[in-house]
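Structure data follow from run-v3.tsv (TSV, C-alpha atoms and all ligand atoms):
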chain	number	residue	atom	x	y	z
A	1	MET	CA	-12.52	-23.74	12.33
A	2	GLU	CA	-15.62	-23.82	10.19
A	3	VAL	CA	-19.16	-22.56	10.89
A	4	SER	CA	-22.33	-23.39	8.96
A	5	LEU	CA	-25.03	-20.88	8.23
A	6	GLY	CA	-28.11	-21.36	6.02
A	7	GLY	CA	-26.54	-24.37	4.29
A	8	LYS	CA	-23.22	-22.63	3.60
A	9	SER	CA	-19.99	-23.30	5.44
A	10	ILE	CA	-17.50	-20.54	6.22
A	11	GLY	CA	-13.85	-21.28	6.97
A	12	LEU	CA	-12.73	-18.95	9.77
A	13	ASP	CA	-9.09	-18.13	9.11
A	14	CYS	CA	-8.77	-21.26	6.97
A	15	ASN	CA	-10.08	-22.21	3.54
A	16	SER	CA	-11.94	-25.37	4.33
A	17	GLY	CA	-15.50	-24.03	3.83
A	18	ASP	CA	-17.58	-22.91	0.81
A	19	ILE	CA	-16.42	-19.38	1.66
A	20	SER	CA	-13.16	-18.41	3.39
A	21	PHE	CA	-12.74	-15.49	5.74
A	22	LEU	CA	-9.31	-14.12	6.68
A	23	SER	CA	-9.51	-11.84	9.72
A	24	HIS	CA	-6.01	-10.32	9.50
A	25	ALA	CA	-2.51	-10.97	8.20
A	26	HIS	CA	-0.65	-12.41	11.23
A	27	GLY	CA	1.23	-15.56	10.22
A	28	ASP	CA	-0.74	-17.98	12.40
A	29	HIS	CA	-3.96	-16.91	10.64
A	30	VAL	CA	-2.55	-16.71	7.10
A	31	SER	CA	-0.85	-20.11	7.31
A	32	GLY	CA	-4.20	-21.96	7.03
A	33	PHE	CA	-4.66	-20.78	3.43
A	34	ARG	CA	-3.54	-22.88	0.51
A	35	LYS	CA	-5.87	-21.33	-2.07
A	36	LYS	CA	-5.23	-17.60	-2.32
A	37	ASP	CA	-8.33	-16.49	-4.22
A	38	ARG	CA	-11.99	-15.91	-3.33
A	39	ILE	CA	-11.12	-14.95	0.23
A	40	VAL	CA	-13.33	-12.52	2.12
A	41	ALA	CA	-10.90	-10.10	3.79
A	42	SER	CA	-10.07	-6.42	3.82
A	43	GLU	CA	-7.84	-5.05	1.06
A	44	GLU	CA	-5.17	-4.19	3.63
A	45	THR	CA	-5.13	-7.78	4.92
A	46	LEU	CA	-4.69	-9.21	1.42
A	47	ALA	CA	-1.83	-6.75	0.81
A	48	LEU	CA	-0.09	-7.51	4.13
A	49	ALA	CA	-0.50	-11.26	3.58
A	50	GLY	CA	1.06	-10.86	0.13
A	51	PHE	CA	-1.88	-12.65	-1.50
A	52	GLY	CA	-2.30	-9.96	-4.14
A	53	ALA	CA	-5.76	-11.37	-4.88
A	54	GLU	CA	-8.86	-9.41	-5.85
A	55	LYS	CA	-11.13	-8.59	-2.95
A	56	HIS	CA	-14.00	-11.07	-2.76
A	57	THR	CA	-17.34	-10.06	-1.24
A	58	GLU	CA	-20.57	-11.82	-0.25
A	59	SER	CA	-23.70	-9.72	0.28
A	60	TRP	CA	-24.55	-11.59	3.52
A	61	ILE	CA	-21.13	-11.12	5.09
A	62	GLN	CA	-20.13	-7.82	6.67
A	63	LEU	CA	-16.69	-6.87	7.89
A	64	LEU	CA	-16.42	-4.87	11.13
A	65	ASP	CA	-13.29	-3.23	12.58
A	66	ALA	CA	-11.36	-5.49	14.95
A	67	GLY	CA	-8.94	-2.87	16.41
A	68	HIS	CA	-6.03	-5.34	16.20
A	69	ILE	CA	-3.63	-4.52	13.31
A	70	LEU	CA	-4.00	-2.71	9.98
A	71	GLY	CA	-6.87	-4.29	8.04
A	72	SER	CA	-8.03	-6.55	10.89
A	73	ARG	CA	-11.76	-7.25	10.74
A	74	GLN	CA	-14.45	-9.12	12.61
A	75	MET	CA	-16.93	-11.05	10.49
A	76	TYR	CA	-20.68	-10.72	10.85
A	77	ALA	CA	-22.68	-13.13	8.66
A	78	GLU	CA	-26.44	-13.37	8.45
A	79	LEU	CA	-28.32	-15.88	6.31
A	80	ASP	CA	-31.84	-17.37	6.55
A	81	GLY	CA	-32.56	-15.57	9.81
A	82	GLU	CA	-29.43	-16.85	11.59
A	83	SER	CA	-26.36	-14.82	12.47
A	84	VAL	CA	-22.74	-15.49	13.40
A	85	LEU	CA	-20.11	-13.07	14.68
A	86	TYR	CA	-16.42	-14.03	14.60
A	87	THR	CA	-13.90	-11.69	16.21
A	88	GLY	CA	-10.61	-12.92	14.71
A	89	ASP	CA	-7.92	-11.36	16.93
A	90	PHE	CA	-9.41	-8.21	18.39
A	91	ARG	CA	-8.72	-5.30	20.76
A	92	VAL	CA	-11.65	-3.61	22.42
A	93	LYS	CA	-9.66	-0.74	23.93
A	94	ASP	CA	-8.86	2.24	21.70
A	95	GLY	CA	-5.27	2.61	20.48
A	96	ILE	CA	-3.04	5.13	18.73
A	97	PHE	CA	-4.40	4.07	15.30
A	98	GLY	CA	-8.05	4.41	16.27
A	99	LYS	CA	-11.07	2.94	17.96
A	100	GLY	CA	-11.32	-0.53	19.44
A	101	ALA	CA	-13.64	-3.29	18.20
A	102	LYS	CA	-17.37	-2.85	18.76
A	103	ALA	CA	-19.74	-5.70	19.60
A	104	ARG	CA	-22.76	-6.56	17.52
A	105	ASN	CA	-25.72	-8.68	18.55
A	106	ALA	CA	-25.59	-12.21	17.05
A	107	ASP	CA	-27.05	-15.71	17.61
A	108	ARG	CA	-23.66	-17.35	17.65
A	109	LEU	CA	-20.31	-15.91	18.69
A	110	VAL	CA	-16.86	-17.26	17.92
A	111	VAL	CA	-14.43	-15.26	20.03
A	112	GLU	CA	-10.64	-15.36	20.36
A	113	CYS	CA	-9.38	-15.70	23.92
A	114	THR	CA	-5.59	-15.32	23.77
A	115	TYR	CA	-5.78	-13.53	27.15
A	116	GLY	CA	-8.83	-15.41	28.42
A	117	ASP	CA	-7.49	-15.85	31.94
A	118	PRO	CA	-8.64	-13.52	34.78
A	119	ARG	CA	-5.02	-12.87	35.82
A	120	PHE	CA	-4.74	-10.80	32.63
A	121	ARG	CA	-5.95	-7.28	33.19
A	122	LEU	CA	-4.11	-5.43	30.46
A	123	PRO	CA	-3.65	-1.68	30.98
A	124	ASN	CA	-5.10	0.93	28.67
A	125	PRO	CA	-2.71	1.24	25.66
A	126	PHE	CA	-2.39	5.01	26.21
A	127	GLU	CA	-0.95	4.37	29.70
A	128	VAL	CA	1.63	2.05	28.15
A	129	TYR	CA	2.46	4.63	25.46
A	130	GLU	CA	3.27	7.06	28.30
A	131	GLN	CA	5.53	4.45	29.94
A	132	ILE	CA	7.43	3.91	26.67
A	133	ALA	CA	7.81	7.67	26.15
A	134	LYS	CA	9.03	8.15	29.75
A	135	TRP	CA	11.62	5.35	29.40
A	136	THR	CA	13.04	6.73	26.14
A	137	LYS	CA	13.24	10.26	27.59
A	138	GLU	CA	14.96	9.06	30.79
A	139	ASN	CA	17.57	7.19	28.74
A	140	GLU	CA	18.19	9.82	26.08
A	141	GLY	CA	21.74	9.48	24.68
A	142	SER	CA	21.74	5.69	25.14
A	143	ILE	CA	20.99	2.94	22.66
A	144	MET	CA	17.54	1.52	23.39
A	145	LEU	CA	16.27	-1.70	21.88
A	146	ILE	CA	12.53	-2.35	21.94
A	147	GLY	CA	11.50	-5.89	21.04
A	148	ALA	CA	8.18	-5.97	19.17
A	149	TYR	CA	6.50	-8.23	16.63
A	150	ASN	CA	7.16	-7.16	13.05
A	151	LEU	CA	3.54	-6.72	12.06
A	152	GLY	CA	1.28	-4.50	14.13
A	153	LYS	CA	3.26	-3.96	17.32
A	154	ALA	CA	6.33	-2.52	15.54
A	155	GLN	CA	4.18	0.01	13.64
A	156	GLU	CA	2.26	0.96	16.81
A	157	ILE	CA	5.54	1.69	18.62
A	158	ILE	CA	6.96	3.66	15.67
A	159	ARG	CA	3.86	5.88	15.84
A	160	VAL	CA	4.18	6.23	19.65
A	161	LEU	CA	7.84	7.29	19.35
A	162	ASN	CA	6.96	9.72	16.52
A	163	SER	CA	4.07	11.41	18.30
A	164	TYR	CA	5.04	11.25	21.99
A	165	CYS	CA	8.81	11.88	21.67
A	166	SER	CA	9.50	13.09	18.08
A	167	ILE	CA	11.89	10.16	17.74
A	168	THR	CA	12.64	8.53	14.37
A	169	PRO	CA	13.40	4.93	15.36
A	170	ILE	CA	15.75	2.58	13.57
A	171	VAL	CA	13.82	-0.37	12.13
A	172	MET	CA	14.72	-3.74	10.65
A	173	PRO	CA	13.86	-5.00	7.13
A	174	GLU	CA	11.53	-7.62	8.72
A	175	SER	CA	9.11	-4.93	9.94
A	176	GLU	CA	9.83	-2.48	7.10
A	177	LYS	CA	8.01	-4.60	4.49
A	178	PHE	CA	4.84	-4.27	6.62
A	179	SER	CA	5.37	-0.55	7.41
A	180	GLU	CA	5.46	0.10	3.65
A	181	VAL	CA	1.96	-1.40	3.34
A	182	TYR	CA	0.79	0.76	6.28
A	183	GLY	CA	2.07	3.78	4.31
A	184	LYS	CA	0.29	2.66	1.16
A	185	TYR	CA	-2.97	2.73	3.11
A	186	GLY	CA	-2.40	6.20	4.52
A	187	VAL	CA	-0.69	5.37	7.84
A	188	GLY	CA	2.44	7.53	7.80
A	189	LEU	CA	5.30	6.25	9.95
A	190	ASP	CA	8.57	8.11	10.39
A	191	ARG	CA	11.39	5.54	10.65
A	192	ALA	CA	14.88	4.79	9.27
A	193	VAL	CA	15.81	1.34	8.00
A	194	VAL	CA	19.09	0.00	9.37
A	195	GLY	CA	21.85	0.38	6.78
A	196	SER	CA	20.28	3.43	5.10
A	197	PRO	CA	22.21	6.77	5.10
A	198	GLU	CA	19.52	8.28	7.37
A	199	ALA	CA	19.91	5.43	9.88
A	200	GLU	CA	23.73	5.78	9.78
A	201	GLU	CA	23.35	9.46	10.65
A	202	ILE	CA	20.91	8.82	13.53
A	203	MET	CA	23.15	6.06	14.91
A	204	ARG	CA	26.01	8.53	15.49
A	205	GLY	CA	24.20	9.48	18.70
A	206	GLY	CA	21.86	7.67	21.06
A	207	PHE	CA	19.00	5.96	19.24
A	208	VAL	CA	15.95	3.75	19.64
A	209	ALA	CA	15.76	0.59	17.54
A	210	ILE	CA	12.65	-1.55	17.12
A	211	VAL	CA	13.79	-5.13	16.69
A	212	PRO	CA	12.19	-8.61	16.62
A	213	PRO	CA	11.58	-9.75	20.26
A	214	LYS	CA	14.31	-12.40	20.18
A	215	LEU	CA	16.95	-9.71	19.46
A	216	SER	CA	16.04	-7.49	22.39
A	217	ASN	CA	18.17	-9.11	25.07
A	218	ARG	CA	21.07	-8.17	27.33
A	219	GLY	CA	23.63	-10.13	25.27
A	220	PHE	CA	22.87	-8.22	22.08
A	221	ALA	CA	22.68	-4.93	24.01
A	222	ARG	CA	26.17	-5.60	25.41
A	223	LYS	CA	27.56	-6.18	21.91
A	224	LEU	CA	26.01	-2.92	20.68
A	225	SER	CA	27.35	-1.08	23.71
A	226	GLU	CA	30.89	-2.28	22.90
A	227	ALA	CA	30.55	-1.49	19.18
A	228	PHE	CA	29.11	2.02	19.66
A	229	GLY	CA	30.83	2.96	22.92
A	230	ARG	CA	27.63	3.98	24.72
A	231	GLN	CA	25.18	2.47	27.16
A	232	ALA	CA	22.70	0.06	25.53
A	233	LEU	CA	19.42	-1.03	27.12
A	234	CYS	CA	16.79	-3.52	26.05
A	235	ALA	CA	13.02	-3.65	26.50
A	236	VAL	CA	10.14	-5.76	25.31
A	237	ALA	CA	6.56	-4.76	24.48
A	238	THR	CA	3.95	-7.51	24.75
A	239	GLY	CA	0.94	-8.42	26.89
A	240	TRP	CA	2.80	-11.57	27.97
A	241	VAL	CA	5.04	-9.53	30.28
A	242	MET	CA	2.07	-9.71	32.69
A	243	SER	CA	2.83	-13.40	33.26
A	244	MET	CA	6.38	-14.10	32.10
A	245	ARG	CA	9.77	-12.88	33.18
A	246	HIS	CA	11.96	-11.22	30.61
A	247	ASN	CA	15.69	-10.77	30.59
A	248	CYS	CA	15.32	-7.06	29.81
A	249	ASP	CA	15.81	-3.63	31.40
A	250	ALA	CA	12.17	-2.65	30.84
A	251	ALA	CA	8.94	-4.48	29.98
A	252	PHE	CA	5.87	-2.76	28.53
A	253	PRO	CA	2.51	-4.60	28.72
A	254	LEU	CA	1.35	-3.41	25.30
A	255	SER	CA	-1.11	-5.77	23.68
A	256	ASP	CA	-3.33	-5.65	20.60
A	257	HIS	CA	-5.71	-8.22	22.08
A	258	ALA	CA	-8.76	-8.08	24.35
A	259	ASP	CA	-8.10	-9.22	27.92
A	260	PHE	CA	-10.35	-11.47	30.05
A	261	TYR	CA	-12.47	-8.55	31.33
A	262	ASP	CA	-12.87	-7.05	27.84
A	263	ILE	CA	-14.07	-10.42	26.53
A	264	VAL	CA	-16.66	-10.83	29.33
A	265	GLU	CA	-18.05	-7.36	28.62
A	266	TYR	CA	-18.00	-8.01	24.88
A	267	MET	CA	-19.88	-11.34	25.26
A	268	ASP	CA	-22.54	-9.52	27.31
A	269	ALA	CA	-23.01	-6.98	24.53
A	270	VAL	CA	-23.24	-9.62	21.77
A	271	ASN	CA	-25.69	-11.64	23.89
A	272	PRO	CA	-25.38	-14.85	21.82
A	273	LYS	CA	-27.16	-18.19	22.29
A	274	ARG	CA	-23.94	-20.09	21.67
A	275	VAL	CA	-20.27	-19.18	22.17
A	276	ASP	CA	-17.14	-20.92	20.90
A	277	PHE	CA	-13.67	-19.94	22.07
A	278	VAL	CA	-10.68	-20.04	19.71
A	279	HIS	CA	-6.98	-19.13	19.90
A	280	GLY	CA	-6.55	-19.72	23.60
A	281	GLU	CA	-7.90	-21.40	26.67
A	282	GLY	CA	-11.64	-20.72	27.07
A	283	GLU	CA	-12.01	-22.56	30.37
A	284	HIS	CA	-12.33	-19.48	32.64
A	285	LEU	CA	-14.67	-17.71	30.24
A	286	ARG	CA	-16.85	-20.82	29.89
A	287	LYS	CA	-17.31	-20.75	33.70
A	288	VAL	CA	-18.42	-17.12	33.54
A	289	LEU	CA	-20.98	-18.05	30.86
A	290	GLN	CA	-22.31	-21.03	32.82
A	291	LYS	CA	-22.81	-18.83	35.89
A	292	LYS	CA	-24.73	-16.26	33.87
A	293	LEU	CA	-26.96	-18.94	32.35
A	294	GLY	CA	-27.57	-20.29	35.88
A	301	ZN	ZN	-3.12	-11.38	15.38
Represent the structure of the file as C-alpha cells.
Amino acid sequence: MEVSLGGKSIGLDCNSGDISFLSHAHGDHVSGFRKKDRIVASEETLALAGFGAEKHTESWIQLLDAGHILGSRQMYAELDGESVLYTGDFRVKDGIFGKGAKARNADRLVVECTYGDPRFRLPNPFEVYEQIAKWTKENEGSIMLIGAYNLGKAQEIIRVLNSYCSITPIVMPESEKFSEVYGKYGVGLDRAVVGSPEAEEIMRGGFVAIVPPKLSNRGFARKLSEAFGRQALCAVATGWVMSMRHNCDAAFPLSDHADFYDIVEYMDAVNPKRVDFVHGEGEHLRKVLQKKLG
C-alpha cells in the first residue's frame, strides 16, 4: 500500500513510492521489496531481513516502537501540516522484551488488523508465559516440542524458558540465524542448536525444543519418543489457537499482535480523520468507527 503526503508517496512495506518504509523483517512484509537500498527502517530490521543496506533517514519521518519483534517500528510522517501514522504489525501489550506500542495523534491512520475480529481477546503475554512455564515444569523429564515461528516468537519463548524456568532450549537452524541477530543487538538468549555438543548433552535427559509450527505435531512427537525412549509432548504458541483446533497436547495463545480491543483503544488515542485497515479483515473495526462517528 502507498500513502501520499505533501506531494510525496510512501510505500508501506513495499517499494512502490518515492520513499519506502519497512516496518519489520517478517517474510510477508519483506517480500514486497525488490530494491534493497534507500529503505527507511530500523537497523535491526535491515539486519534481520538480510538487506545489509545503509540506514536511510528522512527528516519528516519518525520511527516509533511497534512492540512486535526485534526492530519493529511504526511510522509517523508529517509534511506540509499533514500527518500519517502506520502501525506495521504491532503489539500494544507489554512483553518480555519490553513495552508495547504507543499511539500518537495523527490525521490519517493505517492500522494492521490481523486479529480485528471481536472474538479475539488475546490474554496478557505475561499470563501466557506463566502457562508455558507451568507446562514445562509439570512435564519435566519428558521431551517437549513447542511450535513457534522462527522470527520473533521463537526468541520470545527462548527468553521465557530462560527466565521463568532456567531452561536452555534446543533450537533449530531456521530460528538460530535470527537469534544471532538478536544477540548482536544486545538481546542475550541462552539456547543450544540441534547437532551441537551442548545440545547432544542436554538431549541425554528430558528437554524442550523450539521448532517450526509444522514440526510440532503428535506424529513427530511419537517418532522422538521411540528414538529417545521417553515421553514426548507437543505444543503450539500462536494467537490463532483462540479460533483453530490444533493436534497438540497444549496450546498457548501467545501473540505479538494487537487484538480487536487493543486496536479500538489505539484508534481512540490516535483520533484520526481517516483510517485504513491492512493485513486482515477490517469489517468489524469499520463498524465500530461508523458508530463513533454517528
Ligand atoms: Zn509481523
Tell me, counting only C-alpha atoms and all ligand atoms, for each residue of chain A within 10 Å of ligand ZN 301 (chain A), which pair of atoms is nearest and how far apart they are in Å to one decimal, in rows ordered by chain and increasing number, as a Markdown table.
| residue | atom | partner | partner_atom | distance |
| --- | --- | --- | --- | --- |
| A:Ser23 | CA | A:ZN301 | ZN | 8.5 |
| A:His24 | CA | A:ZN301 | ZN | 6.6 |
| A:Ala25 | CA | A:ZN301 | ZN | 7.2 |
| A:His26 | CA | A:ZN301 | ZN | 4.9 |
| A:Gly27 | CA | A:ZN301 | ZN | 7.9 |
| A:Asp28 | CA | A:ZN301 | ZN | 7.6 |
| A:His29 | CA | A:ZN301 | ZN | 7.3 |
| A:Val30 | CA | A:ZN301 | ZN | 9.9 |
| A:His68 | CA | A:ZN301 | ZN | 6.8 |
| A:Ile69 | CA | A:ZN301 | ZN | 7.2 |
| A:Ser72 | CA | A:ZN301 | ZN | 8.2 |
| A:Gly88 | CA | A:ZN301 | ZN | 7.7 |
| A:Asp89 | CA | A:ZN301 | ZN | 5.0 |
| A:Phe90 | CA | A:ZN301 | ZN | 7.7 |
| A:Arg91 | CA | A:ZN301 | ZN | 9.9 |
| A:Glu112 | CA | A:ZN301 | ZN | 9.9 |
| A:Thr114 | CA | A:ZN301 | ZN | 9.6 |
| A:Leu151 | CA | A:ZN301 | ZN | 8.8 |
| A:Gly152 | CA | A:ZN301 | ZN | 8.3 |
| A:Lys153 | CA | A:ZN301 | ZN | 10.0 |
| A:Asp256 | CA | A:ZN301 | ZN | 7.8 |
| A:His257 | CA | A:ZN301 | ZN | 7.8 |
| A:His279 | CA | A:ZN301 | ZN | 9.8 |
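Considering the residues A:Leu48, A:Cys113, A:Ala250, A:Ile210 and counting all atoms listed in the file, A:Val160 has its shortest atom-to-atom contact with A:Ile210.
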Restricting the calculation to only C-alpha atoms: of A:Val208, A:Gly81, A:Val187, A:Ser42, which residue gets closest to A:Ala133?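 Ranking A:Val208, A:Gly81, A:Val187, A:Ser42 by distance to A:Ala133, first place goes to A:Val208.
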Under the rule that only C-alpha atoms are counted, which of A:Asn247, A:Thr238, A:Gln74, A:Ser83 is the nearest residue to A:Ser4?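 Ranking A:Asn247, A:Thr238, A:Gln74, A:Ser83 by distance to A:Ser4, first place goes to A:Ser83.
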Separation of atom CA of A:Cys234 and atom CA of A:Cys248, in Å?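 Computed distance, atom CA of A:Cys234 to atom CA of A:Cys248, equals 5.4 Å.
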Counting all atoms listed in the file, the residue of A:Glu127, A:Glu156, A:Glu200, A:Glu140 that sits nearest A:Pro253: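 Among the listed residues, the smallest separation from A:Pro253 belongs to A:Glu127.
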Computed interatomic separation between atom CA of A:Leu22 and atom CA of A:Tyr86 (Å): 10.6 Å
